[in-house]
Every structure is written in C-alpha cells, then in structure tokens.
file final.txt (compact mmCIF, C-alpha atoms and all ligand atoms)
# COMPACT_ATOMS: atom_id res chain seq x y z
CA MET A 1 126.71 119.01 55.73
CA ALA A 2 123.07 118.21 56.44
CA ILE A 3 120.11 118.48 58.76
CA GLU A 4 119.86 115.20 60.63
CA ILE A 5 116.78 114.15 62.54
CA GLU A 6 117.44 111.09 64.62
CA ASN A 7 114.64 109.11 66.27
CA VAL A 8 112.59 112.23 66.95
CA THR A 9 109.36 111.88 68.86
CA TYR A 10 107.16 114.81 69.84
CA THR A 11 104.11 114.77 72.09
CA TYR A 12 101.76 117.74 72.50
CA MET A 13 99.95 118.36 75.81
CA LYS A 14 101.79 115.54 77.56
CA LYS A 15 100.04 114.03 80.56
CA THR A 16 96.72 115.71 79.78
CA PRO A 17 93.57 114.16 78.29
CA TYR A 18 94.58 115.89 74.99
CA GLU A 19 97.99 114.21 74.75
CA LYS A 20 98.94 113.68 71.09
CA ASP A 21 101.98 111.93 69.65
CA ALA A 22 102.53 114.18 66.62
CA LEU A 23 105.88 112.65 65.61
CA LYS A 24 106.81 109.03 66.22
CA LYS A 25 110.50 108.12 65.97
CA ILE A 26 111.27 110.10 62.83
CA THR A 27 114.72 109.63 61.30
CA LEU A 28 115.57 111.75 58.29
CA LYS A 29 118.70 113.26 56.76
CA ILE A 30 118.39 116.30 54.51
CA GLU A 31 121.63 116.81 52.62
CA LYS A 32 122.83 120.32 51.92
CA GLY A 33 122.04 121.29 48.33
CA SER A 34 118.88 119.20 48.05
CA PHE A 35 115.27 120.22 47.46
CA VAL A 36 113.04 118.06 49.62
CA ALA A 37 109.25 118.16 49.64
CA VAL A 38 107.37 117.00 52.73
CA ALA A 39 103.82 115.88 52.03
CA GLY A 40 101.00 114.31 54.01
CA HIS A 41 97.39 114.87 54.97
CA THR A 42 96.27 117.49 57.42
CA GLY A 43 97.39 116.63 60.94
CA SER A 44 100.09 114.17 59.77
CA GLY A 45 102.81 116.11 61.59
CA LYS A 46 104.41 118.17 58.82
CA SER A 47 104.40 121.54 60.62
CA THR A 48 105.51 119.94 63.87
CA LEU A 49 108.45 118.35 62.07
CA MET A 50 109.36 121.63 60.34
CA GLN A 51 109.38 123.50 63.65
CA HIS A 52 112.00 121.07 64.93
CA LEU A 53 114.41 122.06 62.16
CA ASN A 54 115.38 125.41 63.67
CA GLY A 55 114.80 124.57 67.30
CA LEU A 56 111.42 126.25 67.64
CA ILE A 57 110.21 122.99 69.13
CA ALA A 58 112.58 120.68 70.99
CA PRO A 59 111.94 116.97 70.55
CA SER A 60 110.34 115.01 73.39
CA SER A 61 113.02 112.46 72.58
CA GLY A 62 115.65 112.14 69.87
CA ILE A 63 118.15 114.60 68.37
CA VAL A 64 118.11 117.29 65.66
CA LYS A 65 121.50 118.25 64.24
CA VAL A 66 122.28 121.03 61.79
CA ASP A 67 125.68 120.61 60.13
CA GLY A 68 126.68 118.27 62.93
CA VAL A 69 125.56 120.54 65.82
CA ASN A 70 122.78 119.40 68.15
CA ILE A 71 120.56 122.50 68.06
CA ASN A 72 118.99 121.70 71.42
CA SER A 73 122.25 121.18 73.27
CA LYS A 74 123.94 123.65 75.56
CA GLY A 75 126.93 123.84 73.22
CA LYS A 76 128.33 127.05 71.66
CA GLY A 77 127.51 126.38 68.01
CA LYS A 78 123.79 126.09 68.66
CA ILE A 79 122.77 129.67 67.80
CA LYS A 80 124.75 129.74 64.55
CA ALA A 81 123.31 126.36 63.55
CA ARG A 82 119.75 127.50 64.26
CA ARG A 83 120.32 130.71 62.32
CA SER A 84 121.33 128.78 59.25
CA VAL A 85 117.75 127.48 59.03
CA GLY A 86 115.21 130.09 57.88
CA MET A 87 111.58 129.28 58.52
CA VAL A 88 108.58 130.56 56.58
CA PHE A 89 105.50 129.50 58.52
CA GLN A 90 102.13 128.60 57.13
CA TYR A 91 100.35 131.97 56.71
CA PRO A 92 103.54 133.94 57.50
CA GLU A 93 101.72 137.21 56.87
CA THR A 94 100.30 136.96 60.39
CA GLN A 95 103.81 137.71 61.64
CA LEU A 96 104.25 141.08 59.94
CA PHE A 97 104.58 143.84 62.47
CA GLU A 98 106.61 146.81 61.22
CA GLU A 99 105.19 150.07 59.83
CA THR A 100 106.61 149.72 56.31
CA VAL A 101 107.43 146.88 53.97
CA TYR A 102 111.08 148.00 54.02
CA ALA A 103 111.31 147.95 57.83
CA ASP A 104 109.68 144.53 58.02
CA ILE A 105 112.08 142.92 55.56
CA ALA A 106 115.08 144.77 57.04
CA PHE A 107 114.26 143.67 60.59
CA GLY A 108 116.03 140.29 60.42
CA PRO A 109 119.23 141.40 58.65
CA ARG A 110 119.51 144.40 61.06
CA ASN A 111 119.06 142.04 63.97
CA PHE A 112 121.91 139.92 62.60
CA GLY A 113 124.09 143.06 62.90
CA LEU A 114 124.53 143.86 59.19
CA ALA A 115 125.60 147.40 58.20
CA GLU A 116 122.84 149.59 56.69
CA ALA A 117 124.25 149.37 53.15
CA ALA A 118 124.23 145.57 53.34
CA VAL A 119 120.71 145.61 54.83
CA ASP A 120 119.55 147.81 51.96
CA LYS A 121 121.03 145.44 49.40
CA ARG A 122 119.38 142.44 51.07
CA VAL A 123 115.97 144.18 51.14
CA LYS A 124 116.19 145.05 47.44
CA GLU A 125 117.24 141.52 46.48
CA ALA A 126 114.54 139.93 48.64
CA MET A 127 111.83 142.18 47.19
CA ALA A 128 112.96 141.30 43.68
CA PHE A 129 112.84 137.62 44.66
CA VAL A 130 109.16 137.86 45.60
CA SER A 131 108.38 140.14 42.63
CA LEU A 132 107.49 143.21 44.70
CA ASP A 133 108.57 146.46 43.10
CA TYR A 134 110.98 148.21 45.50
CA ALA A 135 110.10 151.84 44.69
CA GLN A 136 106.39 151.15 44.69
CA TYR A 137 106.13 149.17 47.92
CA LYS A 138 109.07 150.00 50.21
CA ASP A 139 107.24 152.73 52.15
CA VAL A 140 103.81 151.13 52.14
CA SER A 141 102.37 149.65 55.33
CA PRO A 142 102.35 145.84 55.04
CA PHE A 143 98.83 145.93 56.45
CA ALA A 144 97.59 147.94 53.46
CA LEU A 145 98.54 145.12 51.08
CA SER A 146 96.51 142.22 49.69
CA GLY A 147 96.86 138.80 51.32
CA GLY A 148 99.15 137.56 48.54
CA GLN A 149 101.36 140.65 48.75
CA MET A 150 101.59 140.33 52.54
CA ARG A 151 102.68 136.72 52.06
CA ARG A 152 105.40 137.90 49.70
CA VAL A 153 106.66 140.49 52.21
CA ALA A 154 106.81 137.83 54.92
CA ILE A 155 108.74 135.45 52.66
CA ALA A 156 111.09 138.28 51.63
CA GLY A 157 111.84 138.87 55.33
CA ILE A 158 113.20 135.33 55.62
CA VAL A 159 114.92 135.27 52.22
CA ALA A 160 116.73 138.50 53.23
CA LEU A 161 118.46 136.50 55.96
CA LYS A 162 120.01 134.31 53.23
CA PRO A 163 119.52 131.10 55.22
CA GLU A 164 121.51 128.09 54.07
CA TYR A 165 118.44 125.93 54.69
CA LEU A 166 115.08 127.46 53.80
CA VAL A 167 111.99 125.78 55.25
CA LEU A 168 108.71 126.73 53.56
CA ASP A 169 105.54 125.46 55.25
CA GLU A 170 102.84 125.43 52.57
CA PRO A 171 104.00 128.71 51.04
CA THR A 172 101.29 128.74 48.36
CA ALA A 173 98.31 128.09 50.66
CA GLY A 174 95.54 130.56 49.91
CA LEU A 175 97.32 132.32 47.02
CA ASP A 176 95.58 133.00 43.70
CA PRO A 177 96.88 131.00 40.68
CA LYS A 178 99.16 133.76 39.37
CA ALA A 179 100.69 134.57 42.76
CA LYS A 180 101.18 130.83 43.32
CA HIS A 181 102.82 130.32 39.91
CA ASP A 182 105.16 133.31 40.44
CA LEU A 183 106.13 132.19 43.92
CA LEU A 184 106.91 128.61 42.84
CA LYS A 185 108.98 129.95 39.95
CA ASN A 186 110.93 132.21 42.31
CA ILE A 187 111.51 129.33 44.72
CA LYS A 188 112.84 127.27 41.82
CA ASP A 189 115.11 130.11 40.69
CA LEU A 190 116.44 130.56 44.22
CA TYR A 191 117.22 126.86 44.41
CA CYS A 192 118.89 126.90 40.98
CA GLU A 193 121.21 129.71 42.13
CA GLY A 194 122.77 126.92 44.19
CA ASN A 195 123.28 128.38 47.68
CA THR A 196 120.05 127.33 49.34
CA THR A 197 118.80 123.94 50.47
CA ILE A 198 115.01 123.94 50.34
CA ILE A 199 112.55 121.97 52.43
CA MET A 200 108.99 122.65 51.32
CA VAL A 201 105.76 121.35 52.82
CA SER A 202 102.93 120.86 50.36
CA HIS A 203 99.79 118.77 49.94
CA ASN A 204 99.87 119.37 46.24
CA MET A 205 101.95 117.06 44.06
CA ASP A 206 101.39 119.40 41.09
CA ASP A 207 103.35 122.07 43.01
CA ILE A 208 106.08 119.60 43.86
CA ILE A 209 106.54 117.86 40.50
CA GLY A 210 108.86 120.36 38.83
CA LEU A 211 110.76 121.31 41.96
CA ALA A 212 111.72 118.66 44.48
CA GLY A 213 114.30 115.96 43.88
CA ARG A 214 112.97 113.99 46.82
CA ILE A 215 109.58 113.57 48.49
CA VAL A 216 109.05 112.50 52.09
CA VAL A 217 105.50 111.38 52.88
CA LEU A 218 104.22 111.58 56.46
CA ASN A 219 101.22 109.74 57.79
CA ASP A 220 100.16 109.89 61.43
CA GLY A 221 103.54 111.16 62.61
CA GLN A 222 105.59 108.59 60.71
CA ILE A 223 107.50 108.53 57.42
CA VAL A 224 105.64 106.16 55.11
CA ALA A 225 107.55 106.89 51.90
CA ASP A 226 110.79 108.63 51.00
CA GLY A 227 112.22 108.74 47.50
CA ALA A 228 112.50 110.38 44.10
CA PRO A 229 109.25 111.93 42.77
CA GLN A 230 109.09 109.31 39.98
CA GLU A 231 109.05 106.53 42.60
CA ILE A 232 106.64 108.22 45.00
CA PHE A 233 104.08 109.09 42.30
CA MET A 234 103.76 105.37 41.47
CA GLU A 235 102.88 104.51 45.08
CA LYS A 236 99.14 104.83 44.62
CA GLU A 237 98.17 103.04 47.83
CA ILE A 238 100.59 104.95 50.02
CA LEU A 239 99.52 108.25 48.47
CA THR A 240 95.82 107.47 48.92
CA SER A 241 96.25 106.42 52.55
CA ALA A 242 98.23 109.63 53.16
CA GLY A 243 95.40 111.71 51.63
CA LEU A 244 97.47 112.61 48.56
CA ARG A 245 97.15 112.19 44.82
CA ALA A 246 99.73 111.80 42.08
CA PRO A 247 100.16 114.93 39.93
CA HIS A 248 97.73 115.43 37.05
CA LEU A 249 100.44 114.55 34.52
CA THR A 250 101.07 111.15 36.17
CA GLN A 251 97.32 110.49 36.45
CA LEU A 252 96.91 111.29 32.73
CA LEU A 253 99.76 108.94 31.77
CA GLN A 254 98.26 106.21 33.98
CA LYS A 255 94.91 106.58 32.20
CA ILE A 256 96.54 106.50 28.74
CA ASN A 257 98.42 103.40 29.84
CA GLU A 258 95.25 101.68 31.07
CA LYS A 259 93.07 102.62 28.13
CA ALA A 260 95.17 103.14 25.03
CA LEU A 261 98.95 102.87 24.85
CA PRO A 262 101.75 101.45 27.00
CA VAL A 263 103.66 104.60 28.01
CA LYS A 264 106.46 105.36 30.44
CA LEU A 265 104.84 106.70 33.60
CA ASP A 266 107.84 108.38 35.20
CA CYS A 267 107.71 111.61 33.16
CA LEU A 268 107.98 114.79 35.21
CA ASN A 269 107.05 117.36 32.58
CA VAL A 270 104.78 117.76 29.58
CA ALA A 271 107.64 117.62 27.03
CA THR A 272 108.96 114.22 28.20
CA ALA A 273 105.39 112.90 28.53
CA ALA A 274 104.62 113.97 24.94
CA ASP A 275 107.84 112.28 23.73
CA ALA A 276 106.90 109.06 25.58
CA ILE A 277 103.40 109.03 24.07
CA CYS A 278 104.71 109.70 20.54
CA ALA A 279 107.40 106.99 20.88
CA SER A 280 104.82 104.44 22.01
CA TYR A 281 102.44 105.44 19.20
CA ARG A 282 105.23 105.06 16.59
CA ARG A 283 106.13 101.61 17.97
CA ARG A 284 102.51 100.52 17.72
CA LYS A 285 102.23 101.79 14.13
CA LYS A 286 105.44 100.05 13.11
CA ASN A 287 104.29 96.74 14.59
CA ALA A 288 100.78 96.97 13.12
N1 LIG B 301 99.67 123.23 69.73
C1 LIG B 301 99.12 122.01 69.64
N2 LIG B 301 98.53 121.44 70.71
C2 LIG B 301 98.00 120.20 70.65
N3 LIG B 301 98.01 119.43 69.53
C3 LIG B 301 98.57 119.95 68.44
C4 LIG B 301 99.15 121.27 68.44
N4 LIG B 301 99.65 121.52 67.20
C5 LIG B 301 99.38 120.42 66.47
N5 LIG B 301 98.74 119.49 67.20
C6 LIG B 301 98.30 118.15 66.76
O1 LIG B 301 99.45 117.44 66.28
C7 LIG B 301 99.16 116.74 65.08
C8 LIG B 301 100.11 117.19 63.98
O2 LIG B 301 99.84 118.56 63.69
P1 LIG B 301 100.63 119.35 62.56
O3 LIG B 301 100.15 120.76 62.61
O4 LIG B 301 102.08 119.11 62.73
O5 LIG B 301 100.12 118.63 61.25
P2 LIG B 301 100.24 119.10 59.73
O6 LIG B 301 100.53 117.87 58.95
O7 LIG B 301 101.19 120.23 59.60
O8 LIG B 301 98.76 119.60 59.42
P3 LIG B 301 98.28 120.75 58.39
O9 LIG B 301 98.50 120.22 57.00
O10 LIG B 301 96.81 120.88 58.72
O11 LIG B 301 99.06 121.99 58.69
C9 LIG B 301 97.68 117.00 64.79
O12 LIG B 301 96.92 115.94 65.30
C10 LIG B 301 97.38 118.28 65.54
O13 LIG B 301 96.05 118.32 65.93
call {"tool": "encode", "arguments": {"input": "final.txt", "output": "structure tokens"}}
result
Amino acid sequence: MAIEIENVTYTYMKKTPYEKDALKKITLKIEKGSFVAVAGHTGSGKSTLMQHLNGLIAPSSGIVKVDGVNINSKGKGKIKARRSVGMVFQYPETQLFEETVYADIAFGPRNFGLAEAAVDKRVKEAMAFVSLDYAQYKDVSPFALSGGQMRRVAIAGIVALKPEYLVLDEPTAGLDPKAKHDLLKNIKDLYCEGNTTIIMVSHNMDDIIGLAGRIVVLNDGQIVADGAPQEIFMEKEILTSAGLRAPHLTQLLQKINEKALPVKLDCLNVATAADAICASYRRRKKNA
C-alpha cells in the first residue's frame, strides 16, 4: 500500500506567456506507515506536488496512484482512493466557513455519511488532537478565534476524517512558538498511534528533525535528494542550492567537529549528540 507518483509533470498556464513547468517528471513512492517530509525553497513545487496527492490537480502527464488506484482515471475506486488522502492546505484557516467550531469540524464526517453519535466522537477526538477544549470552544464562531486557534480548527476538520494519508502543507507557518511546538507534538503523537501515514511540507529542518523518517528535497520542480534525515542533513551543497539549512543541532555538531573534537554528525536529538561529544572527549583524554 502506497501513494505512487510516476513521471508526473505539471505545467501552469499552458500555452500562455506565463507558462510554468512546476513539476518535471517526478517519480516518488510514499509507503503506507511512513512519515515523509517534503522540503525545498519557495516556488520549488512543493504545494503543487501535494495537490496531486488527492487529485485536486491532475498531472499534465504521468500517473498518481493511491493504494494501486489511478486517482485521475475513470475507474470506480477513484473516489475512495482520493478520500483516503486528507489535505491540510497552507493557511487552512482561510477555508473555515461554518458558524461554530463544532459545525466546521463536523462538516466532513457528516458529509461522509457518519451517524451523529460517530460525528460527535470524531469532533471531540479531533479537538483534543489540536488541544482545543471542547466545552470552551465548540459553540464559538471560528471567526472569533485567534489565527493559531483558527489553524487548529481547520486541521481538526481534516483529522476528524481519519484519513489514512495525511498531507500537511507547512502546518506551522505563521504560528507562535508555543502553538507550533504543540502542533508538532500532536502530529508526532498522531503518527505514533500508527494508523496515519504523514506527508509534511516544511522549509524548516528543525521542525522535521524529530519527526520524519525520510526527507524529499525539491528544487525547481525536481527531486534533488531523497533519503534518511541523517543523510540529507550532511548534503550541505544540495541543501544550500535548495535554499535550506541543516538543523541547528547538526550545524552545532559540524562546528564542534571543525573546531574542537571529532564527533559523530548523524545525531538527531540532544541526548545522542551529548553522548557523542562526551564519548569523543573521553577518547581524547585517554589518548592524551
Ligand atoms: N496558480 C498558479 N498559476 C501559475 N503559476 C503558479 C500557480 N501556482 C504556483 N505557480 C508557480 O509554480 C511554481 C511552484 O509553485 P508551488 O506553490 O508549488 O511552490 P512551493 O514550493 O509550494 O512554494 P511555497 O513554499 O512558496 O509555498 C512557482 O514558480 C509558482 O510561481
């Protein structure tokens, strides 16, 4: 089971002076159960690629399959396959439209034909996921909330659909540090529950470091790197040309390595980095 993108090309405004090849022969397989980050500079094609995953955009050429079904074909399985991919857009709060937080989050599950008791359960779970108190916020207008709270309502609306594949297009953009920290933690918890494959767009390697098991780097509509975070963070040239930087932890280890001690650079958290520094320091002392 996977999302498979095969030789996908997408051109905006074809046959006009503004024609733009946003994706150029992209081939990518996202296995069910994985957490994949998609990174790249602004305009590299990340959002365009994400919108292909649930059929919002059909490729100019190439194929997108979800669990083996071509989601742009005329076949029967297409709607079910598309529904298994939930999409949280960049600035999803612009898509809120109902009169209360409850109604907004309940809209999708109701539309899927769930009974009211099941809808209610989904709304409560989704609000807990985004850390919005049910009793306090359920009857509030989404438009009376802060930007960060509106974002959480919009994300809850997608989470309530329990998609098998959850696509998050820069979910932390514009959030304050606490809201960002909470949201990333909740995304991690959701992934750890084990039922959701996550594809998350981010410019920020510090957001990605503790989450994704794989990073795909886009540059000018093409995949320029694809691998485990430890491998990608070492690719200084590729990252720089894609307008990205290694996470602060990796940069710190690189500096220590250049200036003081030979340390392992592929540490993904502070605890393993501290162990690597201490081990190297002990070796040096022993050999002195
Ligand atoms: N509706 C559109 N019409 C014409 N060109 C577009 C349209 N949407 C995107 N583009 C162009 O396609 C290219 C890829 O855009 P896309 O939004 O996919 O990039 P991105 O990597 O998601 O950028 P960002 O990080 O700023 O969201 C850019 O050059 C952009 O200007």
call {"tool": "residues_near_ligand", "arguments": {"input": "final.txt", "ligand": "ligand LIG 301 (chain B)", "cutoff": "10 Å", "atoms": "all atoms listed in the file", "output": "VMD selection string"}}
result
chain A and resid 10 to 14 18 to 23 38 to 51 89 to 90 169 to 170 201 to 203 218 to 221
call {"tool": "atom_distance", "arguments": {"input": "final.txt", "atom1": "atom CA of A:Lys25", "atom2": "atom CA of A:Arg245"}}
result
25.3 Å
call {"tool": "closest_residue", "arguments": {"input": "final.txt", "among": "A:Leu56, A:Met1, A:Leu161, A:Val263", "to": "A:Ala279", "atoms": "only C-alpha atoms"}}
result
A:Val263
call {"tool": "closest_residue", "arguments": {"input": "final.txt", "among": "A:Phe112, A:Tyr134, A:Tyr281, A:Phe233", "to": "A:Thr100", "atoms": "only C-alpha atoms"}}
result
A:Tyr134
call {"tool": "residues_near_point", "arguments": {"input": "final.txt", "point": "(113.0, 144.6, 55.8)", "cutoff": "12 Å", "atoms": "only C-alpha atoms", "output": "ChimeraX atom specification"}}
result
/A:96-111,116,118-127,134,137-142,152-161
call {"tool": "write_last_selection", "arguments": {"input": "final.txt", "atoms": "C-alpha atoms", "output": "PDB file, in the frame of the given file"}}
result
ATOM      1  CA  LEU A  96     104.250 141.080  59.940  1.00  0.00           C
ATOM      2  CA  PHE A  97     104.580 143.840  62.470  1.00  0.00           C
ATOM      3  CA  GLU A  98     106.610 146.810  61.220  1.00  0.00           C
ATOM      4  CA  GLU A  99     105.190 150.070  59.830  1.00  0.00           C
ATOM      5  CA  THR A 100     106.610 149.720  56.310  1.00  0.00           C
ATOM      6  CA  VAL A 101     107.430 146.880  53.970  1.00  0.00           C
ATOM      7  CA  TYR A 102     111.080 148.000  54.020  1.00  0.00           C
ATOM      8  CA  ALA A 103     111.310 147.950  57.830  1.00  0.00           C
ATOM      9  CA  ASP A 104     109.680 144.530  58.020  1.00  0.00           C
ATOM     10  CA  ILE A 105     112.080 142.920  55.560  1.00  0.00           C
ATOM     11  CA  ALA A 106     115.080 144.770  57.040  1.00  0.00           C
ATOM     12  CA  PHE A 107     114.260 143.670  60.590  1.00  0.00           C
ATOM     13  CA  GLY A 108     116.030 140.290  60.420  1.00  0.00           C
ATOM     14  CA  PRO A 109     119.230 141.400  58.650  1.00  0.00           C
ATOM     15  CA  ARG A 110     119.510 144.400  61.060  1.00  0.00           C
ATOM     16  CA  ASN A 111     119.060 142.040  63.970  1.00  0.00           C
ATOM     17  CA  GLU A 116     122.840 149.590  56.690  1.00  0.00           C
ATOM     18  CA  ALA A 118     124.230 145.570  53.340  1.00  0.00           C
ATOM     19  CA  VAL A 119     120.710 145.610  54.830  1.00  0.00           C
ATOM     20  CA  ASP A 120     119.550 147.810  51.960  1.00  0.00           C
ATOM     21  CA  LYS A 121     121.030 145.440  49.400  1.00  0.00           C
ATOM     22  CA  ARG A 122     119.380 142.440  51.070  1.00  0.00           C
ATOM     23  CA  VAL A 123     115.970 144.180  51.140  1.00  0.00           C
ATOM     24  CA  LYS A 124     116.190 145.050  47.440  1.00  0.00           C
ATOM     25  CA  GLU A 125     117.240 141.520  46.480  1.00  0.00           C
ATOM     26  CA  ALA A 126     114.540 139.930  48.640  1.00  0.00           C
ATOM     27  CA  MET A 127     111.830 142.180  47.190  1.00  0.00           C
ATOM     28  CA  TYR A 134     110.980 148.210  45.500  1.00  0.00           C
ATOM     29  CA  TYR A 137     106.130 149.170  47.920  1.00  0.00           C
ATOM     30  CA  LYS A 138     109.070 150.000  50.210  1.00  0.00           C
ATOM     31  CA  ASP A 139     107.240 152.730  52.150  1.00  0.00           C
ATOM     32  CA  VAL A 140     103.810 151.130  52.140  1.00  0.00           C
ATOM     33  CA  SER A 141     102.370 149.650  55.330  1.00  0.00           C
ATOM     34  CA  PRO A 142     102.350 145.840  55.040  1.00  0.00           C
ATOM     35  CA  ARG A 152     105.400 137.900  49.700  1.00  0.00           C
ATOM     36  CA  VAL A 153     106.660 140.490  52.210  1.00  0.00           C
ATOM     37  CA  ALA A 154     106.810 137.830  54.920  1.00  0.00           C
ATOM     38  CA  ILE A 155     108.740 135.450  52.660  1.00  0.00           C
ATOM     39  CA  ALA A 156     111.090 138.280  51.630  1.00  0.00           C
ATOM     40  CA  GLY A 157     111.840 138.870  55.330  1.00  0.00           C
ATOM     41  CA  ILE A 158     113.200 135.330  55.620  1.00  0.00           C
ATOM     42  CA  VAL A 159     114.920 135.270  52.220  1.00  0.00           C
ATOM     43  CA  ALA A 160     116.730 138.500  53.230  1.00  0.00           C
ATOM     44  CA  LEU A 161     118.460 136.500  55.960  1.00  0.00           C
TER      45      LEU A 161
END
call {"tool": "atom_distance", "arguments": {"input": "final.txt", "atom1": "atom CA of A:Ala37", "atom2": "atom CA of A:Asp67"}}
result
19.6 Å
call {"tool": "residues_around", "arguments": {"input": "final.txt", "residues": "A:Ser61", "least_positions_apart": "4", "cutoff": "8 Å", "atoms": "all atoms listed in the file", "output": "list of chain:residue names"}}
result
A:Asn7, A:Val8, A:Thr9, A:Tyr10
call {"tool": "closest_residue", "arguments": {"input": "final.txt", "among": "A:His248, A:Lys74, A:Lys80, A:Lys162", "to": "A:Val270", "atoms": "all atoms listed in the file"}}
result
A:His248
call {"tool": "atom_distance", "arguments": {"input": "final.txt", "atom1": "atom CA of A:Ile277", "atom2": "atom CA of A:Leu265"}}
result
9.9 Å
call {"tool": "closest_residue", "arguments": {"input": "final.txt", "among": "A:Glu4, A:Asp275, A:Asp226, A:Asp133", "to": "A:Val36", "atoms": "all atoms listed in the file"}}
result
A:Asp226
call {"tool": "closest_residue", "arguments": {"input": "final.txt", "among": "A:Ala246, A:Cys192, A:Met150, A:Ala274", "to": "A:Leu211", "atoms": "only C-alpha atoms"}}
result
A:Cys192
call {"tool": "closest_residue", "arguments": {"input": "final.txt", "among": "A:Ile57, A:Ile208, A:Ile223, A:Val217", "to": "A:Pro247", "atoms": "all atoms listed in the file"}}
result
A:Ile208
call {"tool": "axis_aligned_box", "arguments": {"input": "final.txt", "around": "stretch 136-147 of chain A", "padding_each_side": "8 Å", "output": "JSON"}}
result
{"center_x": 102.8, "center_y": 145.8, "center_z": 50.6, "size_x": 28.6, "size_y": 29.9, "size_z": 27.8}
call {"tool": "decode", "arguments": {"input": "final.txt", "residues": "stretch 52-90 of chain A", "atoms": "C-alpha atoms", "output": "PDB file, in the first residue's frame"}}
result
ATOM      1  CA  HIS A  52      -1.621  15.987  -6.855  1.00  0.00           C
ATOM      2  CA  LEU A  53      -1.847  13.513  -3.973  1.00  0.00           C
ATOM      3  CA  ASN A  54      -5.625  13.703  -3.590  1.00  0.00           C
ATOM      4  CA  GLY A  55      -6.489  14.608  -7.146  1.00  0.00           C
ATOM      5  CA  LEU A  56      -7.007  18.316  -6.579  1.00  0.00           C
ATOM      6  CA  ILE A  57      -4.678  18.854  -9.509  1.00  0.00           C
ATOM      7  CA  ALA A  58      -4.389  16.278 -12.289  1.00  0.00           C
ATOM      8  CA  PRO A  59      -0.927  15.856 -13.780  1.00  0.00           C
ATOM      9  CA  SER A  60      -0.187  17.310 -17.212  1.00  0.00           C
ATOM     10  CA  SER A  61       1.480  13.963 -17.810  1.00  0.00           C
ATOM     11  CA  GLY A  62       2.240  10.949 -15.635  1.00  0.00           C
ATOM     12  CA  ILE A  63       0.179   8.982 -13.108  1.00  0.00           C
ATOM     13  CA  VAL A  64      -0.724   9.298  -9.417  1.00  0.00           C
ATOM     14  CA  LYS A  65      -1.865   6.097  -7.720  1.00  0.00           C
ATOM     15  CA  VAL A  66      -3.218   5.690  -4.206  1.00  0.00           C
ATOM     16  CA  ASP A  67      -3.111   2.087  -2.994  1.00  0.00           C
ATOM     17  CA  GLY A  68      -2.837   0.959  -6.595  1.00  0.00           C
ATOM     18  CA  VAL A  69      -5.749   3.071  -7.937  1.00  0.00           C
ATOM     19  CA  ASN A  70      -5.076   5.787 -10.520  1.00  0.00           C
ATOM     20  CA  ILE A  71      -6.910   8.696  -8.873  1.00  0.00           C
ATOM     21  CA  ASN A  72      -7.384  10.506 -12.165  1.00  0.00           C
ATOM     22  CA  SER A  73      -8.838   7.557 -14.035  1.00  0.00           C
ATOM     23  CA  LYS A  74     -12.485   6.950 -14.773  1.00  0.00           C
ATOM     24  CA  GLY A  75     -12.429   3.788 -12.667  1.00  0.00           C
ATOM     25  CA  LYS A  76     -14.749   3.050  -9.708  1.00  0.00           C
ATOM     26  CA  GLY A  77     -12.198   3.083  -6.894  1.00  0.00           C
ATOM     27  CA  LYS A  78     -11.137   6.657  -7.587  1.00  0.00           C
ATOM     28  CA  ILE A  79     -13.363   8.423  -5.036  1.00  0.00           C
ATOM     29  CA  LYS A  80     -12.462   6.051  -2.198  1.00  0.00           C
ATOM     30  CA  ALA A  81      -8.763   6.377  -3.036  1.00  0.00           C
ATOM     31  CA  ARG A  82      -8.959  10.186  -3.065  1.00  0.00           C
ATOM     32  CA  ARG A  83     -10.840  10.177   0.232  1.00  0.00           C
ATOM     33  CA  SER A  84      -8.090   8.227   1.908  1.00  0.00           C
ATOM     34  CA  VAL A  85      -5.823  11.267   1.453  1.00  0.00           C
ATOM     35  CA  GLY A  86      -6.646  14.188   3.770  1.00  0.00           C
ATOM     36  CA  MET A  87      -5.179  17.526   2.817  1.00  0.00           C
ATOM     37  CA  VAL A  88      -4.388  20.416   5.147  1.00  0.00           C
ATOM     38  CA  PHE A  89      -3.509  23.377   2.956  1.00  0.00           C
ATOM     39  CA  GLN A  90      -1.071  26.132   3.712  1.00  0.00           C
TER      40      GLN A  90
END
